[in-house]
>>> print(open('upload10.pdb').read())   # PDB, C-alpha atoms
MODEL        1
ATOM      1  CA  MET P   1     -21.431 -14.539  15.726  1.00  0.00           C
ATOM      2  CA  THR P   2     -17.959 -14.189  14.166  1.00  0.00           C
ATOM      3  CA  GLU P   3     -14.848 -13.146  16.053  1.00  0.00           C
ATOM      4  CA  MET P   4     -14.747  -9.830  14.189  1.00  0.00           C
ATOM      5  CA  SER P   5     -18.334  -8.951  14.991  1.00  0.00           C
ATOM      6  CA  LYS P   6     -17.548  -9.422  18.705  1.00  0.00           C
ATOM      7  CA  LEU P   7     -14.925  -6.664  18.575  1.00  0.00           C
ATOM      8  CA  ASP P   8     -15.545  -3.173  19.809  1.00  0.00           C
ATOM      9  CA  PRO P   9     -15.600  -0.899  16.701  1.00  0.00           C
ATOM     10  CA  LYS P  10     -13.277   1.616  18.382  1.00  0.00           C
ATOM     11  CA  ALA P  11     -10.813  -1.131  19.305  1.00  0.00           C
ATOM     12  CA  LEU P  12     -10.886  -2.469  15.741  1.00  0.00           C
ATOM     13  CA  LEU P  13     -10.289   1.032  14.355  1.00  0.00           C
ATOM     14  CA  ALA P  14      -7.338   1.455  16.737  1.00  0.00           C
ATOM     15  CA  ASP P  15      -5.916  -1.918  15.666  1.00  0.00           C
ATOM     16  CA  VAL P  16      -6.182  -1.260  11.925  1.00  0.00           C
ATOM     17  CA  THR P  17      -4.826   2.267  12.385  1.00  0.00           C
ATOM     18  CA  GLU P  18      -1.788   0.834  14.159  1.00  0.00           C
ATOM     19  CA  PHE P  19      -1.302  -1.622  11.275  1.00  0.00           C
ATOM     20  CA  LEU P  20      -1.549   1.111   8.602  1.00  0.00           C
ATOM     21  CA  TRP P  21       0.871   3.340  10.495  1.00  0.00           C
ATOM     22  CA  GLN P  22       3.256   0.401  10.862  1.00  0.00           C
ATOM     23  CA  GLU P  23       3.121  -0.151   7.095  1.00  0.00           C
ATOM     24  CA  ALA P  24       3.780   3.569   6.470  1.00  0.00           C
ATOM     25  CA  ASP P  25       6.788   3.483   8.807  1.00  0.00           C
ATOM     26  CA  ILE P  26       8.135   0.336   7.126  1.00  0.00           C
ATOM     27  CA  LEU P  27       7.866   1.968   3.691  1.00  0.00           C
ATOM     28  CA  ASP P  28       9.477   5.244   4.794  1.00  0.00           C
ATOM     29  CA  ARG P  29      12.385   3.267   6.293  1.00  0.00           C
ATOM     30  CA  LYS P  30      12.653   1.250   3.049  1.00  0.00           C
ATOM     31  CA  ASP P  31      12.371  -1.981   5.034  1.00  0.00           C
ATOM     32  CA  TYR P  32      11.056  -3.813   1.999  1.00  0.00           C
ATOM     33  CA  ASP P  33      11.460  -7.305   3.436  1.00  0.00           C
ATOM     34  CA  ALA P  34       9.210  -6.337   6.357  1.00  0.00           C
ATOM     35  CA  TRP P  35       6.698  -4.914   3.853  1.00  0.00           C
ATOM     36  CA  ILE P  36       6.685  -8.190   1.906  1.00  0.00           C
ATOM     37  CA  ASP P  37       5.994  -9.987   5.207  1.00  0.00           C
ATOM     38  CA  LEU P  38       2.824  -7.908   5.689  1.00  0.00           C
ATOM     39  CA  TRP P  39       1.245  -9.573   2.639  1.00  0.00           C
ATOM     40  CA  LEU P  40      -0.678 -12.760   2.098  1.00  0.00           C
ATOM     41  CA  LYS P  41       0.884 -14.743  -0.728  1.00  0.00           C
ATOM     42  CA  GLU P  42      -2.277 -14.299  -2.834  1.00  0.00           C
ATOM     43  CA  GLY P  43      -2.417 -10.545  -2.158  1.00  0.00           C
ATOM     44  CA  ILE P  44      -2.574  -7.921  -4.921  1.00  0.00           C
ATOM     45  CA  TYR P  45      -1.018  -4.412  -4.862  1.00  0.00           C
ATOM     46  CA  ILE P  46      -2.664  -2.033  -7.355  1.00  0.00           C
ATOM     47  CA  LEU P  47      -1.751   1.471  -8.461  1.00  0.00           C
ATOM     48  CA  PRO P  48      -4.411   2.240 -11.095  1.00  0.00           C
ATOM     49  CA  ILE P  49      -4.457   4.901 -13.770  1.00  0.00           C
ATOM     50  CA  GLY P  50      -7.652   6.946 -13.895  1.00  0.00           C
ATOM     51  CA  ASP P  51     -10.987   6.224 -12.284  1.00  0.00           C
ATOM     52  CA  GLY P  52     -11.779   2.755 -13.618  1.00  0.00           C
ATOM     53  CA  GLU P  53     -12.217  -0.148 -11.230  1.00  0.00           C
ATOM     54  CA  ASP P  54     -11.784  -3.124 -13.585  1.00  0.00           C
ATOM     55  CA  TYR P  55      -8.157  -3.426 -12.517  1.00  0.00           C
ATOM     56  CA  GLU P  56      -7.529  -6.773 -14.169  1.00  0.00           C
ATOM     57  CA  ASN P  57      -8.505  -5.375 -17.576  1.00  0.00           C
ATOM     58  CA  GLN P  58      -7.244  -1.799 -17.502  1.00  0.00           C
ATOM     59  CA  LEU P  59      -3.896  -0.091 -17.637  1.00  0.00           C
ATOM     60  CA  ASN P  60      -2.330   0.276 -14.171  1.00  0.00           C
ATOM     61  CA  LEU P  61       0.943   1.672 -12.932  1.00  0.00           C
ATOM     62  CA  CYS P  62       1.181  -1.484 -10.788  1.00  0.00           C
ATOM     63  CA  TYR P  63      -0.828  -4.676 -10.599  1.00  0.00           C
ATOM     64  CA  ASP P  64       1.471  -6.808  -8.491  1.00  0.00           C
ATOM     65  CA  ASP P  65       0.907 -10.310  -7.261  1.00  0.00           C
ATOM     66  CA  ASP P  66       3.413 -11.925  -4.883  1.00  0.00           C
ATOM     67  CA  LYS P  67       5.987 -12.593  -7.611  1.00  0.00           C
ATOM     68  CA  MET P  68       5.791  -9.053  -9.032  1.00  0.00           C
ATOM     69  CA  ARG P  69       5.932  -7.457  -5.552  1.00  0.00           C
ATOM     70  CA  ARG P  70       9.091  -9.406  -4.809  1.00  0.00           C
ATOM     71  CA  MET P  71      10.617  -8.482  -8.173  1.00  0.00           C
ATOM     72  CA  ARG P  72       9.795  -4.793  -7.641  1.00  0.00           C
ATOM     73  CA  VAL P  73      11.310  -4.866  -4.140  1.00  0.00           C
ATOM     74  CA  ASP P  74      14.403  -6.655  -5.468  1.00  0.00           C
ATOM     75  CA  ARG P  75      14.906  -3.922  -8.096  1.00  0.00           C
ATOM     76  CA  PHE P  76      14.550  -1.237  -5.408  1.00  0.00           C
ATOM     77  CA  LYS P  77      17.019  -2.979  -3.108  1.00  0.00           C
ATOM     78  CA  ARG P  78      19.601  -3.605  -5.821  1.00  0.00           C
ATOM     79  CA  GLY P  79      19.232  -0.245  -7.567  1.00  0.00           C
ATOM     80  CA  PHE P  80      18.459  -2.015 -10.878  1.00  0.00           C
ATOM     81  CA  SER P  81      15.642   0.374 -11.638  1.00  0.00           C
ATOM     82  CA  ILE P  82      16.563   3.760 -13.110  1.00  0.00           C
ATOM     83  CA  SER P  83      13.873   5.303 -10.910  1.00  0.00           C
ATOM     84  CA  SER P  84      15.470   3.864  -7.763  1.00  0.00           C
ATOM     85  CA  ALA P  85      19.035   5.030  -8.248  1.00  0.00           C
ATOM     86  CA  PRO P  86      19.313   6.652  -5.799  1.00  0.00           C
ATOM     87  CA  ALA P  87      16.195   5.845  -3.808  1.00  0.00           C
ATOM     88  CA  ALA P  88      14.092   8.806  -2.726  1.00  0.00           C
ATOM     89  CA  ASP P  89      13.548   9.592   0.931  1.00  0.00           C
ATOM     90  CA  THR P  90       9.876   9.696   1.856  1.00  0.00           C
ATOM     91  CA  VAL P  91       7.687  10.837   4.700  1.00  0.00           C
ATOM     92  CA  ARG P  92       4.052   9.824   4.563  1.00  0.00           C
ATOM     93  CA  THR P  93       0.997  10.264   6.695  1.00  0.00           C
ATOM     94  CA  VAL P  94      -2.023   8.014   6.615  1.00  0.00           C
ATOM     95  CA  SER P  95      -5.258   9.487   7.958  1.00  0.00           C
ATOM     96  CA  ARG P  96      -9.051   9.543   7.550  1.00  0.00           C
ATOM     97  CA  ILE P  97      -9.206   5.816   8.246  1.00  0.00           C
ATOM     98  CA  VAL P  98     -12.724   4.429   7.782  1.00  0.00           C
ATOM     99  CA  ILE P  99     -13.704   0.800   8.252  1.00  0.00           C
ATOM    100  CA  GLU P 100     -16.216  -0.094   5.551  1.00  0.00           C
ATOM    101  CA  SER P 101     -16.884  -3.661   6.676  1.00  0.00           C
ATOM    102  CA  ALA P 102     -15.649  -6.357   9.041  1.00  0.00           C
ATOM    103  CA  GLU P 103     -16.998  -9.827   8.365  1.00  0.00           C
ATOM    104  CA  GLY P 104     -15.421 -13.084   9.389  1.00  0.00           C
ATOM    105  CA  ASP P 105     -11.682 -12.470   9.340  1.00  0.00           C
ATOM    106  CA  VAL P 106     -11.832  -9.841   6.538  1.00  0.00           C
ATOM    107  CA  ILE P 107     -11.748  -6.086   7.104  1.00  0.00           C
ATOM    108  CA  LYS P 108     -12.283  -3.609   4.264  1.00  0.00           C
ATOM    109  CA  LEU P 109     -11.255  -0.029   4.861  1.00  0.00           C
ATOM    110  CA  ARG P 110     -10.229   3.172   3.179  1.00  0.00           C
ATOM    111  CA  ALA P 111      -7.848   5.951   4.132  1.00  0.00           C
ATOM    112  CA  ALA P 112      -6.044   9.007   2.809  1.00  0.00           C
ATOM    113  CA  GLU P 113      -2.305   9.234   2.242  1.00  0.00           C
ATOM    114  CA  HIS P 114      -0.033  12.233   1.780  1.00  0.00           C
ATOM    115  CA  LEU P 115       3.492  11.368   0.731  1.00  0.00           C
ATOM    116  CA  VAL P 116       6.405  13.766   0.418  1.00  0.00           C
ATOM    117  CA  GLU P 117       9.366  12.587  -1.644  1.00  0.00           C
ATOM    118  CA  ASP P 118      12.829  14.117  -1.484  1.00  0.00           C
ATOM    119  CA  LYS P 119      15.260  13.204  -4.251  1.00  0.00           C
ATOM    120  CA  PHE P 120      18.178  15.197  -5.627  1.00  0.00           C
ATOM    121  CA  GLY P 121      17.240  18.053  -3.287  1.00  0.00           C
ATOM    122  CA  ARG P 122      13.806  18.369  -4.873  1.00  0.00           C
ATOM    123  CA  GLN P 123      10.574  17.615  -3.075  1.00  0.00           C
ATOM    124  CA  ARG P 124       7.357  16.364  -4.622  1.00  0.00           C
ATOM    125  CA  MET P 125       4.082  15.701  -2.879  1.00  0.00           C
ATOM    126  CA  TRP P 126       1.540  13.023  -3.727  1.00  0.00           C
ATOM    127  CA  ALA P 127      -1.945  12.412  -2.388  1.00  0.00           C
ATOM    128  CA  ALA P 128      -3.847   9.157  -2.687  1.00  0.00           C
ATOM    129  CA  ASP P 129      -7.001   7.450  -1.585  1.00  0.00           C
ATOM    130  CA  LEU P 130      -6.073   4.047  -0.190  1.00  0.00           C
ATOM    131  CA  PHE P 131      -8.368   1.026  -0.175  1.00  0.00           C
ATOM    132  CA  TYR P 132      -7.394  -2.033   1.825  1.00  0.00           C
ATOM    133  CA  THR P 133      -8.635  -5.541   2.308  1.00  0.00           C
ATOM    134  CA  LEU P 134      -7.005  -6.953   5.425  1.00  0.00           C
ATOM    135  CA  ARG P 135      -7.254 -10.489   6.718  1.00  0.00           C
ATOM    136  CA  LYS P 136      -6.922 -11.259  10.416  1.00  0.00           C
ATOM    137  CA  THR P 137      -4.524 -14.181  10.918  1.00  0.00           C
ATOM    138  CA  ASP P 138      -2.842 -15.802  13.913  1.00  0.00           C
ATOM    139  CA  ASP P 139       0.095 -13.462  13.153  1.00  0.00           C
ATOM    140  CA  GLY P 140      -2.060 -10.309  13.095  1.00  0.00           C
ATOM    141  CA  PHE P 141      -3.390  -8.455  10.069  1.00  0.00           C
ATOM    142  CA  LYS P 142      -2.129  -9.317   6.595  1.00  0.00           C
ATOM    143  CA  LEU P 143      -2.637  -7.394   3.353  1.00  0.00           C
ATOM    144  CA  GLU P 144      -4.908  -9.196   0.924  1.00  0.00           C
ATOM    145  CA  ARG P 145      -5.391  -6.205  -1.375  1.00  0.00           C
ATOM    146  CA  LYS P 146      -4.162  -2.637  -1.434  1.00  0.00           C
ATOM    147  CA  ILE P 147      -5.257  -0.072  -3.983  1.00  0.00           C
ATOM    148  CA  ALA P 148      -3.549   3.329  -4.003  1.00  0.00           C
ATOM    149  CA  LYS P 149      -5.535   5.725  -6.207  1.00  0.00           C
ATOM    150  CA  LEU P 150      -3.266   8.694  -6.788  1.00  0.00           C
ATOM    151  CA  LEU P 151      -4.921  12.012  -7.410  1.00  0.00           C
ATOM    152  CA  ASN P 152      -4.239  12.979 -11.027  1.00  0.00           C
ATOM    153  CA  SER P 153      -3.024   9.439 -11.797  1.00  0.00           C
ATOM    154  CA  ASP P 154      -4.010   9.897 -15.432  1.00  0.00           C
ATOM    155  CA  GLY P 155      -2.015  13.139 -15.646  1.00  0.00           C
ATOM    156  CA  MET P 156       1.716  13.568 -16.125  1.00  0.00           C
ATOM    157  CA  LEU P 157       3.565  11.307 -13.710  1.00  0.00           C
ATOM    158  CA  ASN P 158       7.288  10.892 -13.264  1.00  0.00           C
ATOM    159  CA  SER P 159       9.011   7.722 -12.165  1.00  0.00           C
ATOM    160  CA  PHE P 160       8.661   6.496  -8.583  1.00  0.00           C
ATOM    161  CA  SER P 161      11.425   4.965  -6.512  1.00  0.00           C
ATOM    162  CA  TYR P 162       9.140   3.886  -3.673  1.00  0.00           C
ATOM    163  CA  LEU P 163       5.854   2.197  -2.894  1.00  0.00           C
ATOM    164  CA  PHE P 164       2.610   3.935  -1.954  1.00  0.00           C
TER     165      PHE P 164
ENDMDL
END
>>> encode(input="upload10.pdb", output="structure tokens")
Amino acid sequence: MTEMSKLDPKALLADVTEFLWQEADILDRKDYDAWIDLWLKEGIYILPIGDGEDYENQLNLCYDDDKMRRMRVDRFKRGFSISSAPAADTVRTVSRIVIESAEGDVIKLRAAEHLVEDKFGRQRMWAADLFYTLRKTDDGFKLERKIAKLLNSDGMLNSFSYLF
């Protein structure tokens, strides 16, 4: 029996919910260094376009490994990206958290996200289905993979000055 299978499902749901809410808070506060620390080095952050799931071979808004995540965060922090000058303020909620599997030290789950952006006195709202692969480590959960499937991602999108 693995350590994960010994856990109470409700306790595991509470633990992953706390982690997802922590990530949401980190992103809304623009604490990008803390967000980077949530990731495993081999982790992948994906913001796909459309409904395809062959992320390595399709067009994506983001397909970031560790190096690309750090470069994206550096551009946000320095204001070197036209979309991040000035950075938007965001408030997001993460809900409808469902654990799909928990085997060994790997948890796969999905959730819903609503994000409100305020920039230049204008607000926009985004909705996304989130898919996570988390790995339990000695330091708590770490992100191994995060996919944020925006509704209407293949429609007209403007630039983003934040992470989903």
>>> atom_distance(input="upload10.pdb", atom1="atom CA of P:Arg122", atom2="atom CA of P:Trp35")
25.9 Å
>>> atom_distance(input="upload10.pdb", atom1="atom CA of P:Val73", atom2="atom CA of P:Tyr32")
6.2 Å
>>> atom_distance(input="upload10.pdb", atom1="atom CA of P:Trp39", atom2="atom CA of P:Leu143")
4.5 Å
>>> resolve_selection(input="upload10.pdb", expression="the PyMOL selection byres ((chain P and resi 95) around 8)", output="ChimeraX atom specification")
/P:93-94,96-97,111-113
>>> closest_residue(input="upload10.pdb", among="P:Gly79, P:Pro86, P:Gly43, P:Gly50", to="P:Lys119", atoms="only C-alpha atoms")
P:Pro86
>>> closest_residue(input="upload10.pdb", among="P:Ile99, P:Met125, P:Val106, P:Ile36", to="P:Thr17", atoms="all atoms listed in the file")
P:Ile99
>>> closest_residue(input="upload10.pdb", among="P:Leu27, P:Asp129, P:Val16, P:Glu144", to="P:Asp51", atoms="all atoms listed in the file")
P:Asp129
>>> closest_residue(input="upload10.pdb", among="P:Lys142, P:Arg124, P:Lys41, P:Arg29", to="P:Asp65", atoms="only C-alpha atoms")
P:Lys41
>>> residues_around(input="upload10.pdb", residues="P:Leu61", least_positions_apart="3", cutoff="9 Å", atoms="all atoms listed in the file", output="MDAnalysis selection string")
chainID P and resid 46:49 153
>>> residues_around(input="upload10.pdb", residues="P:Gly140", least_positions_apart="6", cutoff="12 Å", atoms="all atoms listed in the file", output="PyMOL selection string")
chain P and resi 15-16+18-19+37-40+105-106+134
>>> closest_residue(input="upload10.pdb", among="P:Trp126, P:Phe141, P:Phe76, P:Phe120", to="P:Ile107", atoms="only C-alpha atoms")
P:Phe141
>>> closest_residue(input="upload10.pdb", among="P:Thr133, P:Gln22, P:Asn152, P:Asn60", to="P:Ala102", atoms="all atoms listed in the file")
P:Thr133
>>> residues_near_point(input="upload10.pdb", point="(2.9, -0.8, -8.7)", cutoff="10 Å", atoms="only C-alpha atoms", output="list in words")
Ile44, Tyr45, Ile46, Leu47, Pro48, Asn60, Leu61, Cys62, Tyr63, Asp64, Asp65, Met68, Arg69, Arg72, Ile147, Ala148, Phe160, Tyr162, Leu163 and Phe164 of chain P
>>> residues_around(input="upload10.pdb", residues="stretch 89-92 of chain P", least_positions_apart="3", cutoff="8 Å", atoms="only C-alpha atoms", output="JSON, numbers by chain")
{"P": [24, 28, 113, 114, 115, 116, 117, 118, 119]}
